[in-house]
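Note: the block below is upload29.csv and it holds CSV, C-alpha atoms and all ligand atoms.
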chain,number,residue,atom,x,y,z
A,270,MET,CA,8.6,-12.1,-4.2
A,271,ARG,CA,10.4,-9.7,-6.5
A,272,ILE,CA,9.7,-5.9,-6.4
A,273,ASP,CA,11.3,-3.3,-8.7
A,274,VAL,CA,10.8,0.5,-8.2
A,275,VAL,CA,11.7,3.0,-10.9
A,276,THR,CA,12.0,6.6,-9.8
A,277,ILE,CA,14.0,9.8,-10.3
A,278,PHE,CA,14.5,9.8,-6.5
A,279,PRO,CA,15.9,6.4,-5.5
A,280,ASP,CA,16.9,7.9,-2.1
A,281,TYR,CA,13.2,8.2,-1.2
A,282,LEU,CA,13.1,4.4,-1.0
A,283,ALA,CA,16.0,4.1,1.5
A,284,ALA,CA,13.5,3.4,4.2
A,285,LEU,CA,12.9,0.0,2.7
A,286,ASP,CA,16.3,-1.1,4.2
A,287,LEU,CA,14.7,-0.8,7.6
A,288,SER,CA,12.5,-2.8,9.9
A,289,LEU,CA,10.6,-5.8,8.6
A,290,VAL,CA,11.0,-5.1,4.9
A,291,GLY,CA,14.7,-4.6,5.4
A,292,LYS,CA,15.0,-7.9,7.2
A,293,ALA,CA,13.0,-9.7,4.5
A,294,ARG,CA,15.4,-8.4,1.9
A,295,ARG,CA,18.4,-9.5,3.9
A,296,THR,CA,17.0,-13.0,4.4
A,297,GLY,CA,16.2,-13.3,0.7
A,298,LEU,CA,12.4,-13.5,1.2
A,299,LEU,CA,12.0,-10.3,-0.7
A,300,ASP,CA,14.1,-9.3,-3.7
A,301,LEU,CA,13.6,-5.5,-3.9
A,302,ARG,CA,15.5,-3.3,-6.3
A,303,VAL,CA,15.3,0.4,-6.8
A,304,HIS,CA,16.3,2.0,-10.2
A,305,ASP,CA,17.0,5.6,-11.3
A,306,LEU,CA,14.8,6.5,-14.3
A,307,ARG,CA,17.5,8.8,-15.5
A,308,ASP,CA,19.7,5.8,-16.3
A,309,TRP,CA,17.4,5.4,-19.3
A,310,THR,CA,17.8,8.9,-20.6
A,311,THR,CA,20.1,9.6,-23.6
A,312,ASP,CA,20.7,13.4,-23.5
A,313,ARG,CA,23.4,15.3,-21.7
A,314,HIS,CA,20.9,16.8,-19.2
A,315,ARG,CA,19.2,13.4,-18.4
A,316,THR,CA,15.8,15.0,-19.2
A,317,VAL,CA,12.7,12.9,-18.2
A,318,ASP,CA,9.9,15.4,-18.7
A,319,ASP,CA,8.4,17.9,-21.2
A,320,THR,CA,5.6,20.4,-21.5
A,321,PRO,CA,2.0,19.0,-21.8
A,322,PHE,CA,0.3,18.9,-25.2
A,323,GLY,CA,-2.9,21.0,-25.0
A,324,GLY,CA,-1.2,23.4,-22.6
A,325,GLY,CA,-1.5,23.8,-18.9
A,326,ALA,CA,0.7,24.1,-15.9
A,327,GLY,CA,3.5,21.7,-15.0
A,328,MET,CA,5.5,19.1,-16.8
A,329,VAL,CA,4.7,15.5,-18.0
A,330,MET,CA,7.1,12.6,-17.9
A,331,ARG,CA,8.1,11.4,-21.4
A,332,PRO,CA,6.8,8.0,-22.5
A,333,ASP,CA,9.9,7.0,-24.5
A,334,ILE,CA,12.1,7.2,-21.4
A,335,TRP,CA,9.6,5.2,-19.3
A,336,GLY,CA,9.2,2.7,-22.2
A,337,ARG,CA,12.9,1.9,-22.2
A,338,ALA,CA,13.0,1.6,-18.4
A,339,LEU,CA,9.9,-0.6,-18.1
A,340,ASP,CA,10.9,-2.9,-21.0
A,341,ASP,CA,14.1,-3.6,-19.2
A,342,VAL,CA,12.7,-3.9,-15.7
A,343,LEU,CA,9.5,-5.8,-16.6
A,344,GLY,CA,11.6,-8.4,-18.4
A,345,GLY,CA,10.5,-10.8,-21.1
A,346,PRO,CA,7.3,-12.9,-21.2
A,347,PRO,CA,8.4,-15.8,-19.0
A,348,ALA,CA,8.1,-13.8,-15.7
A,349,GLN,CA,4.5,-12.6,-15.2
A,350,SER,CA,4.9,-9.1,-13.9
A,351,ARG,CA,2.3,-6.5,-12.8
A,352,LEU,CA,3.0,-2.8,-13.4
A,353,VAL,CA,1.8,-0.6,-10.5
A,354,VAL,CA,1.5,3.1,-11.2
A,355,PRO,CA,0.9,5.2,-8.0
A,356,THR,CA,-1.3,8.2,-9.1
A,357,PRO,CA,-3.8,10.4,-7.3
A,358,SER,CA,-6.2,9.6,-10.2
A,359,GLY,CA,-6.1,5.8,-9.5
A,360,GLU,CA,-8.5,3.5,-7.6
A,361,VAL,CA,-8.1,4.0,-3.9
A,362,PHE,CA,-5.6,1.3,-2.5
A,363,THR,CA,-7.2,-0.8,0.2
A,364,GLN,CA,-6.3,-3.9,2.2
A,365,ARG,CA,-8.0,-5.9,-0.6
A,366,HIS,CA,-5.5,-4.5,-3.1
A,367,ALA,CA,-2.7,-5.3,-0.7
A,368,GLU,CA,-3.9,-8.9,-0.4
A,369,ALA,CA,-4.1,-9.3,-4.2
A,370,LEU,CA,-0.7,-7.8,-4.9
A,371,ALA,CA,0.9,-10.0,-2.2
A,372,GLY,CA,-0.1,-13.0,-4.4
A,373,GLU,CA,1.9,-11.7,-7.4
A,374,GLU,CA,5.3,-13.0,-8.3
A,375,HIS,CA,6.7,-9.7,-9.6
A,376,LEU,CA,5.6,-6.1,-9.0
A,377,VAL,CA,7.1,-3.1,-10.9
A,378,PHE,CA,6.3,0.3,-9.4
A,379,ALA,CA,6.6,3.3,-11.8
A,380,CYS,CA,6.8,6.4,-9.7
A,381,GLY,CA,5.9,9.6,-11.5
A,382,ARG,CA,6.7,13.1,-10.5
A,383,TYR,CA,5.4,16.5,-11.9
A,384,GLU,CA,1.9,16.2,-13.4
A,385,GLY,CA,2.3,12.5,-14.0
A,386,ILE,CA,3.4,10.1,-16.7
A,387,ASP,CA,2.3,10.3,-20.4
A,388,ALA,CA,-1.0,8.3,-20.5
A,389,ARG,CA,0.3,6.2,-23.3
A,390,VAL,CA,2.6,4.3,-21.0
A,391,ALA,CA,-0.2,2.5,-19.0
A,392,GLU,CA,-2.1,2.1,-22.3
A,393,HIS,CA,0.9,0.5,-24.1
A,394,TYR,CA,1.6,-2.1,-21.4
A,395,ARG,CA,-2.1,-3.0,-21.0
A,396,ALA,CA,-2.3,-3.5,-24.7
A,397,ALA,CA,0.9,-5.7,-24.5
A,398,GLY,CA,-0.9,-7.9,-22.0
A,399,VAL,CA,0.9,-6.6,-18.9
A,400,PRO,CA,-1.6,-6.2,-16.0
A,401,VAL,CA,-1.5,-2.6,-14.9
A,402,SER,CA,-2.8,-1.2,-11.6
A,403,GLU,CA,-3.1,2.6,-11.3
A,404,LEU,CA,-3.6,3.2,-7.5
A,405,SER,CA,-4.0,6.2,-5.2
A,406,ILE,CA,-3.3,6.0,-1.5
A,407,GLY,CA,-6.1,8.5,-0.6
A,408,ASP,CA,-7.8,11.8,-1.4
A,409,TYR,CA,-4.9,14.2,-1.0
A,410,VAL,CA,-2.1,15.3,-3.3
A,411,LEU,CA,1.6,14.2,-2.9
A,412,ASN,CA,4.5,15.6,-5.0
A,413,GLY,CA,5.1,12.2,-6.5
A,414,GLY,CA,4.5,8.4,-6.4
A,415,GLU,CA,7.5,7.5,-4.2
A,416,VAL,CA,5.8,7.9,-0.8
A,417,ALA,CA,2.7,6.1,-2.1
A,418,ALA,CA,4.9,3.3,-3.4
A,419,LEU,CA,6.5,3.0,0.1
A,420,VAL,CA,3.1,2.7,1.7
A,421,MET,CA,1.9,0.1,-0.8
A,422,ILE,CA,5.1,-2.0,-0.6
A,423,GLU,CA,4.9,-2.1,3.2
A,424,ALA,CA,1.3,-3.1,3.2
A,425,VAL,CA,2.0,-5.8,0.6
A,426,ALA,CA,5.3,-7.1,2.1
A,427,ARG,CA,3.8,-7.8,5.5
A,428,LEU,CA,1.3,-10.2,3.9
A,429,VAL,CA,3.9,-12.3,2.1
A,430,PRO,CA,4.1,-15.7,4.0
A,431,GLY,CA,7.1,-15.7,6.4
A,432,MET,CA,7.5,-11.9,6.5
A,433,VAL,CA,5.6,-11.3,9.8
A,434,GLY,CA,7.1,-13.2,12.7
A,435,ASN,CA,3.7,-14.1,14.2
A,436,PRO,CA,1.1,-14.7,11.5
A,437,GLU,CA,-1.6,-14.5,14.2
A,438,SER,CA,-0.9,-10.7,14.4
A,439,LEU,CA,-2.3,-10.6,10.8
A,440,VAL,CA,-5.6,-12.2,11.8
A,441,GLU,CA,-7.3,-9.6,14.0
A,442,GLU,CA,-6.6,-6.2,12.6
A,443,SER,CA,-8.3,-3.1,11.3
A,444,HIS,CA,-9.5,-3.6,7.7
A,445,GLY,CA,-9.5,-7.3,8.1
A,446,ALA,CA,-12.4,-9.7,7.5
A,447,ALA,CA,-14.6,-8.4,10.4
A,448,GLY,CA,-15.0,-5.1,8.5
A,449,LEU,CA,-14.4,-3.1,11.7
A,450,LEU,CA,-11.6,-1.0,13.0
A,451,GLU,CA,-9.4,-2.5,15.7
A,452,TYR,CA,-10.4,-2.3,19.4
A,453,PRO,CA,-8.2,-0.2,21.7
A,454,VAL,CA,-5.2,-2.0,23.3
A,455,TYR,CA,-3.5,-1.6,26.7
A,456,THR,CA,-0.3,-2.9,28.4
A,457,LYS,CA,1.5,-2.4,31.7
A,458,PRO,CA,1.4,-0.5,34.0
A,459,PRO,CA,-2.3,-1.0,34.9
A,460,GLU,CA,-2.5,2.6,36.0
A,461,TRP,CA,-0.8,5.5,34.3
A,462,ALA,CA,-1.3,9.2,34.5
A,463,GLY,CA,-4.4,8.6,36.6
A,464,LEU,CA,-5.9,6.4,33.9
A,465,GLU,CA,-6.8,2.8,34.5
A,466,VAL,CA,-6.8,-0.1,32.1
A,467,PRO,CA,-10.5,-1.2,31.6
A,468,GLU,CA,-11.3,-3.7,34.4
A,469,VAL,CA,-12.6,-6.4,32.1
A,470,LEU,CA,-9.2,-6.8,30.5
A,471,LEU,CA,-7.7,-7.7,33.9
A,472,SER,CA,-10.6,-10.1,34.7
A,473,GLY,CA,-9.1,-13.2,33.0
A,474,HIS,CA,-12.6,-13.9,31.7
A,475,HIS,CA,-12.0,-14.7,28.0
A,476,GLY,CA,-15.7,-14.5,27.0
A,477,ARG,CA,-16.2,-11.1,28.6
A,478,VAL,CA,-12.9,-9.8,27.0
A,479,GLU,CA,-14.0,-10.9,23.5
A,480,ARG,CA,-17.5,-9.3,24.0
A,481,TRP,CA,-15.9,-6.0,25.2
A,482,ARG,CA,-13.5,-5.9,22.3
A,483,ARG,CA,-16.2,-6.4,19.8
A,484,ASP,CA,-18.4,-3.7,21.3
A,485,GLU,CA,-15.4,-1.2,21.4
A,486,ALA,CA,-14.6,-2.0,17.8
A,487,ILE,CA,-18.2,-1.3,16.8
A,488,THR,CA,-18.4,1.9,18.8
A,489,ARG,CA,-15.1,3.2,17.4
A,490,THR,CA,-16.0,2.2,13.8
A,491,SER,CA,-19.4,4.0,14.1
A,492,ALA,CA,-17.8,7.2,15.3
A,493,ARG,CA,-14.8,7.3,13.0
A,494,ARG,CA,-15.9,5.3,9.9
A,495,PRO,CA,-19.7,5.3,9.5
A,496,ASP,CA,-19.1,4.2,5.9
A,497,MET,CA,-17.7,0.9,7.1
A,498,ILE,CA,-20.8,0.3,9.3
A,499,GLU,CA,-23.0,0.9,6.3
A,500,ALA,CA,-20.9,-1.7,4.3
A,501,LEU,CA,-21.1,-4.4,7.0
A,502,ASP,CA,-22.7,-7.7,5.9
A,503,PRO,CA,-25.7,-8.1,8.4
A,504,ALA,CA,-24.9,-11.8,8.5
A,505,THR,CA,-21.6,-11.0,10.3
A,506,LEU,CA,-23.4,-9.3,13.2
A,507,ASP,CA,-24.3,-11.3,16.3
A,508,LYS,CA,-27.4,-10.9,18.5
A,509,HIS,CA,-25.4,-9.0,21.2
A,510,ASP,CA,-24.0,-6.4,18.8
A,511,LEU,CA,-24.8,-2.8,19.9
A,512,ARG,CA,-27.3,-1.3,17.5
A,513,LEU,CA,-26.0,2.3,17.1
B,601,LIG,CL1,-0.3,7.4,-5.6
B,601,LIG,N1,0.6,9.9,-6.0
B,601,LIG,C1,0.5,11.2,-5.8
B,601,LIG,N2,1.3,12.0,-6.4
B,601,LIG,N3,-0.4,11.8,-4.9
B,601,LIG,C2,-1.2,10.9,-4.3
B,601,LIG,C3,-1.2,9.6,-4.5
B,601,LIG,C4,-0.3,9.1,-5.4
B,601,LIG,N4,-2.1,9.0,-3.7
B,601,LIG,C5,-2.7,10.0,-3.0
B,601,LIG,N5,-2.1,11.2,-3.4

For this file, write the structure as structure tokens.
Amino acid sequence: MRIDVVTIFPDYLAALDLSLVGKARRTGLLDLRVHDLRDWTTDRHRTVDDTPFGGGAGMVMRPDIWGRALDDVLGGPPAQSRLVVPTPSGEVFTQRHAEALAGEEHLVFACGRYEGIDARVAEHYRAAGVPVSELSIGDYVLNGGEVAALVMIEAVARLVPGMVGNPESLVEESHGAAGLLEYPVYTKPPEWAGLEVPEVLLSGHHGRVERWRRDEAITRTSARRPDMIEALDPATLDKHDLRL
């Protein structure tokens, strides 16, 4: 998979040299390149923004600079590339978006700063037939799209086949197919700070362990994410599930 990131703060993306994503880059599984938007400026001050038409606070990123950058980075028609624009006014990014993006050949992240990127940029590439996803990582405001791009790239990269050492660790996880949060997990020592690991987990009784984990997942999801309980498909519930 190929991922390009265009930003005025390339250093923000340095974390992508680390951990699993860094390893995937070194082994060639992931071709990830970070570009400085200012490389496409033409003036002495390397200006990327200007005041908003219609007035208001803050600055807007210029479409002409973004257009030159994205024409270069998206490349010609042969490669099918998707443009991802992190923005607090986008659809909320979920595991479903991560799964869909992981199936793409080429992603280009356009990270805006200030009050955002001139709206004609997304409009222009959509009109040109480039699929465009404007995505938010949640209901709060960041100073720019860089941290959001980091979040999305990590969520996507770990789904690319071969990226995660043990694919089974992708199976049972929060926001997976079960529609429940993950159950609590424990390891050694069996007693710590006066707290014991739940007895059932030491029992060696696989059936009881599975039942306990599902009950814990339901209890936890009900307390923390009642919206996810509402959204559950009743057909996925079994006759022992706690009715809370
Ligand atoms: Cl994608 N960008 C910014 N600037 N703020 C955000 C966001 C994105 N998602 C949530 N808040």

Could you pull the residues within 10 Å of range 493-508 of chain A, counting all atoms listed in the file, minus those fewer than 6 positions along the same chain, as number ranges by chain?
A: 444, 446-450, 487

Within 7 Å of ligand LIG 601 (chain B): each chain A residue with its shortest pair, only C-alpha atoms and all ligand atoms, as a Markdown table:
| residue | atom | partner | partner_atom | distance |
| --- | --- | --- | --- | --- |
| A:Pro355 | CA | B:LIG601 | CL1 | 3.5 |
| A:Thr356 | CA | B:LIG601 | CL1 | 3.7 |
| A:Pro357 | CA | B:LIG601 | C3 | 3.9 |
| A:Arg382 | CA | B:LIG601 | N2 | 6.9 |
| A:Leu404 | CA | B:LIG601 | CL1 | 5.7 |
| A:Ser405 | CA | B:LIG601 | N4 | 3.7 |
| A:Ile406 | CA | B:LIG601 | N4 | 3.9 |
| A:Gly407 | CA | B:LIG601 | C5 | 4.4 |
| A:Asp408 | CA | B:LIG601 | C5 | 5.6 |
| A:Tyr409 | CA | B:LIG601 | N5 | 4.8 |
| A:Val410 | CA | B:LIG601 | N5 | 4.1 |
| A:Leu411 | CA | B:LIG601 | N3 | 3.7 |
| A:Asn412 | CA | B:LIG601 | N2 | 5.0 |
| A:Gly413 | CA | B:LIG601 | N2 | 3.8 |
| A:Gly414 | CA | B:LIG601 | N1 | 4.2 |
| A:Ala417 | CA | B:LIG601 | CL1 | 4.8 |
| A:Ala418 | CA | B:LIG601 | CL1 | 7.0 |

Neighbouring residues of Met270 in chain A were defined as those with any atom within 7 Å, considering all atoms listed in the file; residues of the same chain fewer than 6 positions away were excluded. Please report them as a PyMOL selection string.
chain A and resi 298-300+374-375

Just to confirm, what's the straight-line distance from CA of Met432 in chain A to CA of Val290 in chain A in Å (one decimal)?
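About the pair CA of Met432 in chain A and CA of Val290 in chain A: they are 7.8 Å apart.
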
Pick the closest to Ser402 in chain A from A:Glu360, A:Asp340, A:Asp280, A:Glu479: which is it, counting only C-alpha atoms?
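Using only C-alpha atoms, Ser402 in chain A sits closest to A:Glu360.
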
Of the listed residues A:Gly327, A:Pro346, A:Gly336, A:Pro459, that which approaches Val399 in chain A most closely, counting only C-alpha atoms
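Counting only C-alpha atoms, the residue closest to Val399 in chain A is A:Pro346.
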
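Atom pair CA of Ile277 in chain A / CA of Arg315 in chain A has a distance of 10.3 Å (rounded to one decimal).
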
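Here the question is which of A:Arg313, A:Ala284, A:Glu403, A:Gly385 gets nearest to His366 in chain A using only C-alpha atoms, and that residue is A:Glu403.
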
Taking only C-alpha atoms into account, which of A:Val317, A:Val303, A:Val354, A:Leu470 comes nearest Arg331 in chain A?
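Comparing A:Val317, A:Val303, A:Val354, A:Leu470 against Arg331 in chain A, the winner is A:Val317.
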
Using all atoms listed in the file for the distances, tell me which of A:Leu306, A:Leu301, A:Leu285, A:Val454 is nearest to Asp333 in chain A.
A:Leu306

Applying 9 Å and all atoms listed in the file, which residues near Leu428 in chain A remain after dropping the ones on its own chain fewer than 2 positions away? List them as a count of residues only.
14

Hey, what's within 12 Å of Glu468 in chain A if we count all atoms listed in the file and toss same-chain stuff fewer than 6 positions away? As a list in words, please?
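Residues near the query, excluding close chain neighbours: Tyr455, Pro459, Glu460, His474, Arg477, Val478 and Trp481 of chain A.
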
Find the residues with any atom within 7 Å of (15.4, 9.9, -9.6); use only C-alpha atoms and the coordinates as given in the file, and write the answer as number ranges by chain.
A: 276-279, 305-307

So how far away is CA of Thr488 in chain A from CA of Lys457 in chain A, in Å?
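Computed distance, CA of Lys457 in chain A to CA of Thr488 in chain A, equals 24.1 Å.
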
Could you check which of A:Ala396, A:Val329, A:Val342, A:Leu352 is closest to Glu373 in chain A, using only C-alpha atoms?
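Among the listed residues, A:Leu352 lies closest to Glu373 in chain A.
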
Edge lengths and centre, in Å to one decimal, as AutoDock Vina command-line options: that's what I need for the box along x, y and z that holds all listed atoms of range 354-371 of chain A plus 3 Å on each side.
--center_x -3.5 --center_y 0.2 --center_z -4.5 --size_x 16.0 --size_y 26.4 --size_z 19.4
